[in-house]
>>> print(open('work.txt').read())   # compact mmCIF, C-alpha atoms
# COMPACT_ATOMS: atom_id res chain seq x y z
CA MET W 1242 132.62 60.38 119.96
CA ASN W 1243 132.66 59.88 123.73
CA GLU W 1244 129.16 60.98 124.75
CA TYR W 1245 125.69 59.57 124.37
CA SER W 1246 123.37 61.64 122.18
CA ALA W 1247 120.05 59.88 122.81
CA TYR W 1248 118.38 58.26 125.79
CA VAL W 1249 116.78 55.14 124.31
CA ALA W 1250 116.74 53.50 120.89
CA LEU W 1251 113.88 51.07 120.29
CA ILE W 1252 114.21 48.41 117.61
CA VAL W 1253 111.49 46.20 116.11
CA ALA W 1254 111.42 43.51 113.45
CA THR W 1255 107.84 43.45 112.10
CA GLN W 1256 105.09 45.80 111.01
CA THR W 1257 102.84 44.70 113.90
CA GLU W 1258 105.57 45.63 116.38
CA GLU W 1259 106.15 48.95 114.65
CA ASP W 1260 102.45 49.78 114.85
CA ALA W 1261 102.60 49.31 118.63
CA VAL W 1262 105.71 51.50 118.96
CA ARG W 1263 104.15 54.26 116.86
CA ASN W 1264 101.32 54.49 119.42
CA MET W 1265 103.79 55.20 122.24
CA TYR W 1266 104.75 58.77 121.23
CA SER W 1267 104.44 61.43 118.54
CA TRP W 1268 107.27 60.65 116.18
CA GLU W 1269 109.17 62.73 113.66
CA THR W 1270 110.88 61.18 110.65
CA VAL W 1271 114.67 61.33 110.36
CA THR W 1272 116.68 60.27 107.30
CA PHE W 1273 120.33 60.41 106.31
CA SER W 1274 121.66 60.97 102.80
CA ASP W 1275 123.98 57.97 102.99
CA ASP W 1276 121.48 55.54 104.57
CA ALA W 1277 118.26 54.18 103.05
CA GLN W 1278 116.87 53.31 106.50
CA THR W 1279 114.12 55.54 107.94
CA TYR W 1280 114.32 56.49 111.62
CA TYR W 1281 111.83 58.18 113.93
CA THR W 1282 112.49 60.37 116.96
CA ALA W 1283 110.43 61.67 119.86
CA SER W 1284 111.08 63.42 123.18
CA VAL W 1285 110.11 62.37 126.69
CA GLU W 1286 110.13 64.78 129.62
CA LYS W 1287 111.81 63.14 132.60
CA ASP W 1288 113.47 64.54 135.73
CA ASP W 1289 113.20 68.06 134.32
CA HIS W 1290 115.03 66.94 131.20
CA LEU W 1291 113.90 66.34 127.65
CA CYS W 1292 115.11 62.89 126.63
CA LYS W 1293 115.46 61.81 123.01
CA ILE W 1294 113.87 58.50 121.99
CA VAL W 1295 114.47 56.93 118.58
CA TYR W 1296 113.09 53.86 116.89
CA ALA W 1297 113.54 51.94 113.65
CA ARG W 1298 112.20 48.76 112.07
CA GLN W 1299 114.33 46.09 110.48
CA GLU W 1300 114.12 45.58 106.71
CA GLU W 1301 113.53 41.88 107.35
CA MET W 1302 113.31 39.45 110.26
CA GLY W 1303 116.32 37.63 111.68
CA MET W 1304 119.65 38.12 113.40
CA THR W 1305 121.56 39.54 110.43
CA ALA W 1306 119.10 42.40 110.00
CA ALA W 1307 119.01 42.90 113.79
CA VAL W 1308 122.78 43.30 114.03
CA THR W 1309 122.88 45.65 111.04
CA LEU W 1310 120.13 47.96 112.27
CA THR W 1311 121.41 48.01 115.86
CA MET W 1312 124.84 49.08 114.66
CA LYS W 1313 123.32 51.84 112.49
CA LEU W 1314 121.17 53.11 115.36
CA ILE W 1315 124.28 53.30 117.54
CA GLU W 1316 126.31 55.03 114.83
CA HIS W 1317 123.69 57.67 114.06
CA PHE W 1318 122.21 58.34 117.51
CA ARG W 1319 124.56 57.01 120.23
CA PRO W 1320 121.76 55.93 122.60
CA ARG W 1321 122.34 55.21 126.28
CA PHE W 1322 120.06 52.16 126.03
CA VAL W 1323 118.98 49.93 123.15
CA ILE W 1324 115.71 48.10 123.78
CA MET W 1325 114.18 45.53 121.46
CA VAL W 1326 110.42 45.31 121.90
CA GLY W 1327 107.87 43.10 120.22
CA ILE W 1328 106.63 39.53 120.17
CA ALA W 1329 108.10 36.14 121.02
CA ALA W 1330 107.07 32.57 121.67
CA GLY W 1331 106.58 31.61 125.30
CA ILE W 1332 108.33 28.28 125.84
CA ALA W 1333 108.77 28.10 129.60
CA PRO W 1334 108.49 24.52 130.91
CA THR W 1335 105.45 24.06 133.12
CA ASP W 1336 107.63 23.53 136.19
CA VAL W 1337 109.35 26.89 135.59
CA ALA W 1338 106.50 29.32 134.82
CA GLU W 1339 102.95 29.53 133.55
CA GLN W 1340 102.79 31.87 130.57
CA ILE W 1341 99.71 33.33 128.96
CA TYR W 1342 99.26 35.54 125.92
CA GLY W 1343 100.56 39.04 126.54
CA ASP W 1344 102.94 38.07 129.35
CA VAL W 1345 106.19 40.02 129.11
CA VAL W 1346 109.50 38.18 128.76
CA VAL W 1347 112.67 40.07 129.67
CA ALA W 1348 115.86 38.25 128.76
CA ASP W 1349 118.63 37.97 131.34
CA MET W 1350 120.58 35.68 129.02
CA ILE W 1351 120.18 35.07 125.30
CA TRP W 1352 121.68 32.21 123.36
CA ASN W 1353 121.78 31.22 119.70
CA TYR W 1354 120.28 27.74 119.63
CA THR W 1355 120.98 27.29 115.89
CA SER W 1356 124.72 27.56 116.38
CA GLY W 1357 126.16 24.07 116.02
CA LYS W 1358 126.86 21.17 113.69
CA PHE W 1359 124.62 18.71 111.84
CA VAL W 1360 125.93 15.15 112.20
CA SER W 1361 124.78 11.55 111.92
CA PRO W 1362 122.19 10.70 114.60
CA ASP W 1363 124.42 8.20 116.39
CA ARG W 1364 126.81 11.00 117.42
CA THR W 1365 124.41 13.03 119.55
CA ASP W 1366 121.35 12.90 121.79
CA ILE W 1367 119.63 15.64 119.74
CA ARG W 1368 118.10 13.76 116.82
CA PHE W 1369 115.53 14.55 114.15
CA GLY W 1370 114.98 11.38 112.17
CA ASN W 1371 118.20 10.61 110.29
CA VAL W 1372 119.82 13.91 111.28
CA GLY W 1373 121.68 14.66 114.50
CA PHE W 1374 122.63 18.07 115.87
CA ILE W 1375 125.53 19.01 118.14
CA SER W 1376 124.76 22.37 119.72
CA ARG W 1377 127.53 24.90 120.21
CA PRO W 1378 125.53 27.76 121.67
CA ALA W 1379 126.84 31.30 121.73
CA VAL W 1380 125.66 33.31 124.75
CA VAL W 1381 125.22 36.99 125.62
CA LYS W 1382 124.02 38.28 129.00
CA THR W 1383 122.07 41.32 130.13
CA ASP W 1384 123.82 43.59 132.62
CA GLY W 1385 122.74 42.73 136.16
CA ALA W 1386 122.33 46.36 137.22
CA LEU W 1387 120.00 46.95 134.28
CA LEU W 1388 117.86 44.00 135.35
CA GLU W 1389 117.40 45.59 138.77
CA TYR W 1390 115.56 48.47 137.10
CA VAL W 1391 113.41 45.89 135.31
CA ARG W 1392 112.55 44.21 138.60
CA LYS W 1393 111.60 47.53 140.18
CA ALA W 1394 109.35 48.35 137.23
CA ALA W 1395 107.77 44.90 137.33
CA ALA W 1396 107.03 45.26 141.05
CA SER W 1397 105.62 48.76 140.68
CA PRO W 1398 101.89 49.28 141.28
CA GLU W 1399 101.88 51.15 137.95
CA ASN W 1400 102.77 47.98 136.10
CA GLN W 1401 99.81 46.13 134.60
CA CYS W 1402 101.85 43.33 132.97
CA HIS W 1403 102.97 39.93 134.23
CA VAL W 1404 106.74 39.95 133.72
CA HIS W 1405 108.98 36.88 133.41
CA ILE W 1406 112.76 37.32 133.62
CA GLY W 1407 114.83 34.46 132.23
CA SER W 1408 116.74 32.92 129.36
CA MET W 1409 115.72 33.50 125.77
CA ALA W 1410 116.73 31.46 122.73
CA THR W 1411 117.24 33.02 119.30
CA GLY W 1412 117.28 31.11 116.04
CA SER W 1413 117.22 31.67 112.30
CA ALA W 1414 113.74 30.32 111.57
CA VAL W 1415 110.16 30.55 112.86
CA VAL W 1416 109.40 27.54 115.06
CA ALA W 1417 105.95 25.93 114.94
CA ASN W 1418 107.00 22.51 116.19
CA ARG W 1419 107.31 21.69 119.86
CA GLU W 1420 109.79 18.91 119.09
CA ILE W 1421 112.37 21.56 118.18
CA VAL W 1422 111.78 23.24 121.55
CA ASN W 1423 111.98 20.02 123.53
CA LYS W 1424 115.03 18.54 121.81
CA GLN W 1425 117.14 21.40 120.50
CA ILE W 1426 116.38 24.12 123.07
CA HIS W 1427 115.37 22.65 126.40
CA THR W 1428 117.98 19.88 126.06
CA MET W 1429 120.64 22.60 126.25
CA TYR W 1430 119.05 25.16 128.60
CA GLY W 1431 116.06 23.61 130.31
CA LYS W 1432 114.76 26.83 131.84
CA THR W 1433 114.62 28.85 128.61
CA ILE W 1434 111.35 30.81 128.66
CA GLY W 1435 111.29 32.74 125.38
CA LEU W 1436 112.05 32.17 121.71
CA ASP W 1437 112.57 34.65 118.86
CA MET W 1438 114.65 35.37 115.74
CA GLU W 1439 116.46 38.63 116.60
CA ALA W 1440 117.29 39.18 120.28
CA TYR W 1441 120.76 37.62 120.27
CA GLY W 1442 121.80 39.84 117.36
CA VAL W 1443 120.64 43.07 119.04
CA VAL W 1444 122.48 42.41 122.30
CA TYR W 1445 125.58 41.10 120.56
CA ALA W 1446 125.78 44.21 118.36
CA ALA W 1447 125.35 46.57 121.31
CA GLN W 1448 128.01 44.81 123.36
CA HIS W 1449 130.51 44.89 120.48
CA ALA W 1450 129.87 48.43 119.24
CA THR W 1451 132.41 51.20 119.45
CA ALA W 1452 132.40 53.35 122.60
CA PRO W 1453 130.32 54.67 124.14
CA ARG W 1454 128.48 51.36 124.00
CA PRO W 1455 124.80 51.29 124.98
CA GLU W 1456 123.30 48.81 127.42
CA ALA W 1457 120.95 46.45 125.61
CA LEU W 1458 117.70 44.95 126.81
CA VAL W 1459 115.13 42.66 125.20
CA ILE W 1460 111.49 43.10 126.21
CA LYS W 1461 109.11 40.88 124.26
CA SER W 1462 105.67 39.48 125.00
CA VAL W 1463 104.17 36.05 124.45
CA CYS W 1464 102.12 35.77 121.26
CA ASP W 1465 102.23 31.96 120.83
CA TYR W 1466 103.90 28.83 122.17
CA ALA W 1467 106.02 27.61 119.21
CA ASN W 1468 103.74 24.64 118.53
CA ASN W 1469 101.46 23.48 115.73
CA GLU W 1470 98.73 25.82 117.00
CA LYS W 1471 100.89 28.86 116.19
CA SER W 1472 98.85 31.76 114.78
CA ASP W 1473 98.89 35.55 114.45
CA GLN W 1474 95.82 36.04 116.65
CA TYR W 1475 97.59 37.54 119.68
CA GLN W 1476 100.45 39.37 117.99
CA LYS W 1477 98.89 42.85 118.29
CA PHE W 1478 98.10 42.34 121.96
CA ALA W 1479 101.57 40.98 122.73
CA ALA W 1480 103.23 43.88 120.89
CA TYR W 1481 101.08 46.29 122.91
CA THR W 1482 102.00 44.82 126.34
CA SER W 1483 105.69 44.73 125.40
CA CYS W 1484 105.62 48.43 124.51
CA GLU W 1485 103.60 49.36 127.59
CA PHE W 1486 106.14 47.76 129.92
CA ALA W 1487 109.03 49.29 127.98
CA ARG W 1488 107.41 52.73 128.27
CA LEU W 1489 106.95 52.35 132.03
CA LEU W 1490 110.55 51.26 132.38
CA LEU W 1491 112.09 54.09 130.38
CA GLU W 1492 109.80 56.84 131.69
CA LYS W 1493 109.88 55.92 135.38
CA PHE W 1494 112.83 53.67 136.20
CA LEU W 1495 115.80 53.78 133.82
CA PRO W 1496 118.36 56.44 134.77
CA THR W 1497 118.79 59.27 132.32
CA GLY W 1498 122.42 59.88 133.29
CA ALA W 1499 124.54 62.66 131.96
CA HIS W 1500 126.79 62.02 128.96
CA GLY W 1501 124.71 64.12 126.57
CA ALA W 1502 121.77 61.70 126.54
CA THR W 1503 119.46 64.38 127.91
CA GLY W 1504 119.21 68.10 127.86
CA ASP W 1505 118.10 70.50 130.55
CA LEU W 1506 114.46 71.19 129.76
CA GLN W 1507 114.61 74.95 130.29
CA ASP W 1508 117.80 75.27 128.23
CA ILE W 1509 116.16 73.42 125.34
CA ARG W 1510 113.05 75.57 125.53
CA ASP W 1511 115.17 78.73 125.61
CA ALA W 1512 117.08 77.54 122.56
CA GLU W 1513 113.85 76.91 120.70
CA ASP W 1514 112.56 80.37 121.62
CA ASN W 1515 115.78 81.94 120.31
CA LYS W 1516 115.32 80.17 116.99
CA ASN W 1517 111.91 81.74 116.64
>>> encode(input="work.txt", output="structure tokens")
Amino acid sequence: MNEYSAYVALIVATQTEEDAVRNMYSWETVTFSDDAQTYYTASVEKDDHLCKIVYARQEEMGMTAAVTLTMKLIEHFRPRFVIMVGIAAGIAPTDVAEQIYGDVVVADMIWNYTSGKFVSPDRTDIRFGNVGFISRPAVVKTDGALLEYVRKAAASPENQCHVHIGSMATGSAVVANREIVNKQIHTMYGKTIGLDMEAYGVVYAAQHATAPRPEALVIKSVCDYANNEKSDQYQKFAAYTSCEFARLLLEKFLPTGAHGATGDLQDIRDAEDNKN
């Protein structure tokens, strides 16, 4: 296959995030006989074209599930863009940015902070009691041209969200301890502003898929600060602002392109009339 078949594929990891995505459009269920995953599709009218949107939720949290579902979305739907929306921890140092609940974090670089080696504490500066950690971070980057569309959307008078663009760290466990952030994350990349469990896997999968590969973007909003005050109180609000910014971006700023990702609106309507 050498053409895109859908415009955007949205991917989420939790039920709260899925609830926010379901409020974006009117979705129709799609299933495949050889795949237990359930997918949902909708159409967005843009530039006199009808653009296909698809979304799916991971079976569980984490990078492994993120990679698996991203690959399946690409295989089944061949989207032009893959966008992960949802919630994340805001961990920007105070000298980098002030973050409040609901602020949007768009990743320009994502790194796996749990990639490394546990050693004796005398072998490294990253220490947790009697355990030391040597970080060997793996890094993926967001395409610079794609980030320009993000900046235009963020600067638009239609945007109601405060958007931060910067590095995001992904790891294999929920973090509710600021010591992990200070030692294991900010020691390596001091300006990291977001923390989650899936983003690295989504972008890695998209960048290593078979052609035509989609461009991947992570848009998540701050629901907590990865400390001992971590709670679920702001998850719904953060999921909502993430989806609102993603909707503005895909409806107003991302290019539709050719490549089969869209259809001429009148041609589609004529085809539907002929069916009836």
>>> residues_around(input="work.txt", residues="Ser1413 of chain W", least_positions_apart="4", cutoff="8 Å", atoms="only C-alpha atoms", output="VMD selection string")
chain W and resid 1303 to 1304 1355 1438
>>> atom_distance(input="work.txt", atom1="atom CA of Ile1421 of chain W", atom2="atom CA of Arg1368 of chain W")
9.8 Å
>>> residues_near_point(input="work.txt", point="(117.7, 61.6, 137.5)", cutoff="8 Å", atoms="all atoms listed in the file", output="list in words")
Lys1287, Asp1288, Pro1496, Thr1497 and Gly1498 of chain W
>>> closest_residue(input="work.txt", among="W:Ala1297, W:Ala1467, W:Val1372, W:Ala1450", to="Ile1324 of chain W", atoms="only C-alpha atoms")
W:Ala1297
>>> closest_residue(input="work.txt", among="W:Thr1311, W:Met1350, W:Thr1257, W:Phe1478", to="Gln1278 of chain W", atoms="all atoms listed in the file")
W:Thr1311
>>> atom_distance(input="work.txt", atom1="atom CA of Thr1270 of chain W", atom2="atom CA of Leu1251 of chain W")
14.3 Å
>>> atom_distance(input="work.txt", atom1="atom CA of Val1323 of chain W", atom2="atom CA of Pro1378 of chain W")
23.2 Å
>>> decode(input="work.txt", residues="segment 1243-1254 of chain W", atoms="all heavy atoms", output="PDB file, in the first residue's frame")
ATOM      1  N   ASN W1243       0.587   2.194  -0.883  1.00  0.00           N
ATOM      2  CA  ASN W1243       1.418   3.389  -0.973  1.00  0.00           C
ATOM      3  C   ASN W1243       0.617   4.670  -0.821  1.00  0.00           C
ATOM      4  O   ASN W1243       1.084   5.737  -1.182  1.00  0.00           O
ATOM      5  CB  ASN W1243       2.187   3.404  -2.287  1.00  0.00           C
ATOM      6  CG  ASN W1243       1.268   3.339  -3.504  1.00  0.00           C
ATOM      7  OD1 ASN W1243       0.050   3.440  -3.365  1.00  0.00           O
ATOM      8  ND2 ASN W1243       1.850   3.160  -4.681  1.00  0.00           N
ATOM      9  N   GLU W1244      -0.596   4.589  -0.282  1.00  0.00           N
ATOM     10  CA  GLU W1244      -1.411   5.767  -0.062  1.00  0.00           C
ATOM     11  C   GLU W1244      -1.989   5.746   1.343  1.00  0.00           C
ATOM     12  O   GLU W1244      -2.244   4.686   1.914  1.00  0.00           O
ATOM     13  CB  GLU W1244      -2.558   5.842  -1.077  1.00  0.00           C
ATOM     14  CG  GLU W1244      -2.119   6.148  -2.502  1.00  0.00           C
ATOM     15  CD  GLU W1244      -3.319   6.402  -3.400  1.00  0.00           C
ATOM     16  OE1 GLU W1244      -4.434   6.024  -3.013  1.00  0.00           O
ATOM     17  OE2 GLU W1244      -3.128   6.984  -4.476  1.00  0.00           O
ATOM     18  N   TYR W1245      -2.206   6.947   1.873  1.00  0.00           N
ATOM     19  CA  TYR W1245      -2.901   7.061   3.143  1.00  0.00           C
ATOM     20  C   TYR W1245      -4.394   6.843   2.916  1.00  0.00           C
ATOM     21  O   TYR W1245      -4.937   7.241   1.891  1.00  0.00           O
ATOM     22  CB  TYR W1245      -2.669   8.435   3.761  1.00  0.00           C
ATOM     23  CG  TYR W1245      -1.221   8.709   4.085  1.00  0.00           C
ATOM     24  CD1 TYR W1245      -0.476   9.620   3.334  1.00  0.00           C
ATOM     25  CD2 TYR W1245      -0.597   8.056   5.130  1.00  0.00           C
ATOM     26  CE1 TYR W1245       0.858   9.879   3.630  1.00  0.00           C
ATOM     27  CE2 TYR W1245       0.729   8.300   5.437  1.00  0.00           C
ATOM     28  CZ  TYR W1245       1.456   9.212   4.685  1.00  0.00           C
ATOM     29  OH  TYR W1245       2.765   9.459   4.980  1.00  0.00           O
ATOM     30  N   SER W1246      -5.052   6.230   3.890  1.00  0.00           N
ATOM     31  CA  SER W1246      -6.488   5.969   3.781  1.00  0.00           C
ATOM     32  C   SER W1246      -7.303   6.767   4.791  1.00  0.00           C
ATOM     33  O   SER W1246      -8.518   6.854   4.664  1.00  0.00           O
ATOM     34  CB  SER W1246      -6.768   4.471   3.973  1.00  0.00           C
ATOM     35  OG  SER W1246      -6.120   3.719   2.974  1.00  0.00           O
ATOM     36  N   ALA W1247      -6.658   7.321   5.797  1.00  0.00           N
ATOM     37  CA  ALA W1247      -7.353   8.126   6.803  1.00  0.00           C
ATOM     38  C   ALA W1247      -6.532   9.384   7.066  1.00  0.00           C
ATOM     39  O   ALA W1247      -5.334   9.446   6.761  1.00  0.00           O
ATOM     40  CB  ALA W1247      -7.553   7.330   8.087  1.00  0.00           C
ATOM     41  N   TYR W1248      -7.176  10.355   7.636  1.00  0.00           N
ATOM     42  CA  TYR W1248      -6.541  11.641   7.924  1.00  0.00           C
ATOM     43  C   TYR W1248      -5.781  11.586   9.250  1.00  0.00           C
ATOM     44  O   TYR W1248      -4.572  11.790   9.301  1.00  0.00           O
ATOM     45  CB  TYR W1248      -7.619  12.716   7.932  1.00  0.00           C
ATOM     46  CG  TYR W1248      -7.184  14.112   8.311  1.00  0.00           C
ATOM     47  CD1 TYR W1248      -5.974  14.649   7.882  1.00  0.00           C
ATOM     48  CD2 TYR W1248      -8.013  14.922   9.087  1.00  0.00           C
ATOM     49  CE1 TYR W1248      -5.593  15.931   8.220  1.00  0.00           C
ATOM     50  CE2 TYR W1248      -7.656  16.210   9.420  1.00  0.00           C
ATOM     51  CZ  TYR W1248      -6.442  16.716   8.995  1.00  0.00           C
ATOM     52  OH  TYR W1248      -6.065  17.991   9.326  1.00  0.00           O
ATOM     53  N   VAL W1249      -6.492  11.274  10.323  1.00  0.00           N
ATOM     54  CA  VAL W1249      -5.891  11.252  11.655  1.00  0.00           C
ATOM     55  C   VAL W1249      -6.348  10.021  12.414  1.00  0.00           C
ATOM     56  O   VAL W1249      -7.541   9.676  12.387  1.00  0.00           O
ATOM     57  CB  VAL W1249      -6.267  12.515  12.467  1.00  0.00           C
ATOM     58  CG1 VAL W1249      -5.777  12.404  13.908  1.00  0.00           C
ATOM     59  CG2 VAL W1249      -5.693  13.771  11.811  1.00  0.00           C
ATOM     60  N   ALA W1250      -5.421   9.378  13.107  1.00  0.00           N
ATOM     61  CA  ALA W1250      -5.748   8.333  14.070  1.00  0.00           C
ATOM     62  C   ALA W1250      -5.408   8.850  15.458  1.00  0.00           C
ATOM     63  O   ALA W1250      -4.281   9.293  15.713  1.00  0.00           O
ATOM     64  CB  ALA W1250      -4.968   7.058  13.775  1.00  0.00           C
ATOM     65  N   LEU W1251      -6.386   8.825  16.344  1.00  0.00           N
ATOM     66  CA  LEU W1251      -6.185   9.226  17.733  1.00  0.00           C
ATOM     67  C   LEU W1251      -6.014   7.970  18.580  1.00  0.00           C
ATOM     68  O   LEU W1251      -6.720   6.975  18.382  1.00  0.00           O
ATOM     69  CB  LEU W1251      -7.382  10.029  18.248  1.00  0.00           C
ATOM     70  CG  LEU W1251      -7.720  11.319  17.489  1.00  0.00           C
ATOM     71  CD1 LEU W1251      -9.048  11.872  17.972  1.00  0.00           C
ATOM     72  CD2 LEU W1251      -6.615  12.358  17.667  1.00  0.00           C
ATOM     73  N   ILE W1252      -5.106   8.020  19.531  1.00  0.00           N
ATOM     74  CA  ILE W1252      -4.882   6.882  20.407  1.00  0.00           C
ATOM     75  C   ILE W1252      -4.890   7.350  21.858  1.00  0.00           C
ATOM     76  O   ILE W1252      -4.339   8.405  22.175  1.00  0.00           O
ATOM     77  CB  ILE W1252      -3.562   6.157  20.053  1.00  0.00           C
ATOM     78  CG1 ILE W1252      -3.344   4.942  20.951  1.00  0.00           C
ATOM     79  CG2 ILE W1252      -2.380   7.094  20.093  1.00  0.00           C
ATOM     80  CD1 ILE W1252      -2.208   4.057  20.497  1.00  0.00           C
ATOM     81  N   VAL W1253      -5.558   6.583  22.718  1.00  0.00           N
ATOM     82  CA  VAL W1253      -5.627   6.894  24.145  1.00  0.00           C
ATOM     83  C   VAL W1253      -5.298   5.646  24.942  1.00  0.00           C
ATOM     84  O   VAL W1253      -5.357   4.521  24.433  1.00  0.00           O
ATOM     85  CB  VAL W1253      -7.016   7.428  24.556  1.00  0.00           C
ATOM     86  CG1 VAL W1253      -7.308   8.752  23.870  1.00  0.00           C
ATOM     87  CG2 VAL W1253      -8.112   6.408  24.241  1.00  0.00           C
ATOM     88  N   ALA W1254      -4.996   5.857  26.235  1.00  0.00           N
ATOM     89  CA  ALA W1254      -4.576   4.739  27.075  1.00  0.00           C
ATOM     90  C   ALA W1254      -5.562   4.405  28.185  1.00  0.00           C
ATOM     91  O   ALA W1254      -5.520   3.296  28.723  1.00  0.00           O
ATOM     92  CB  ALA W1254      -3.209   5.037  27.690  1.00  0.00           C
TER      93      ALA W1254
END
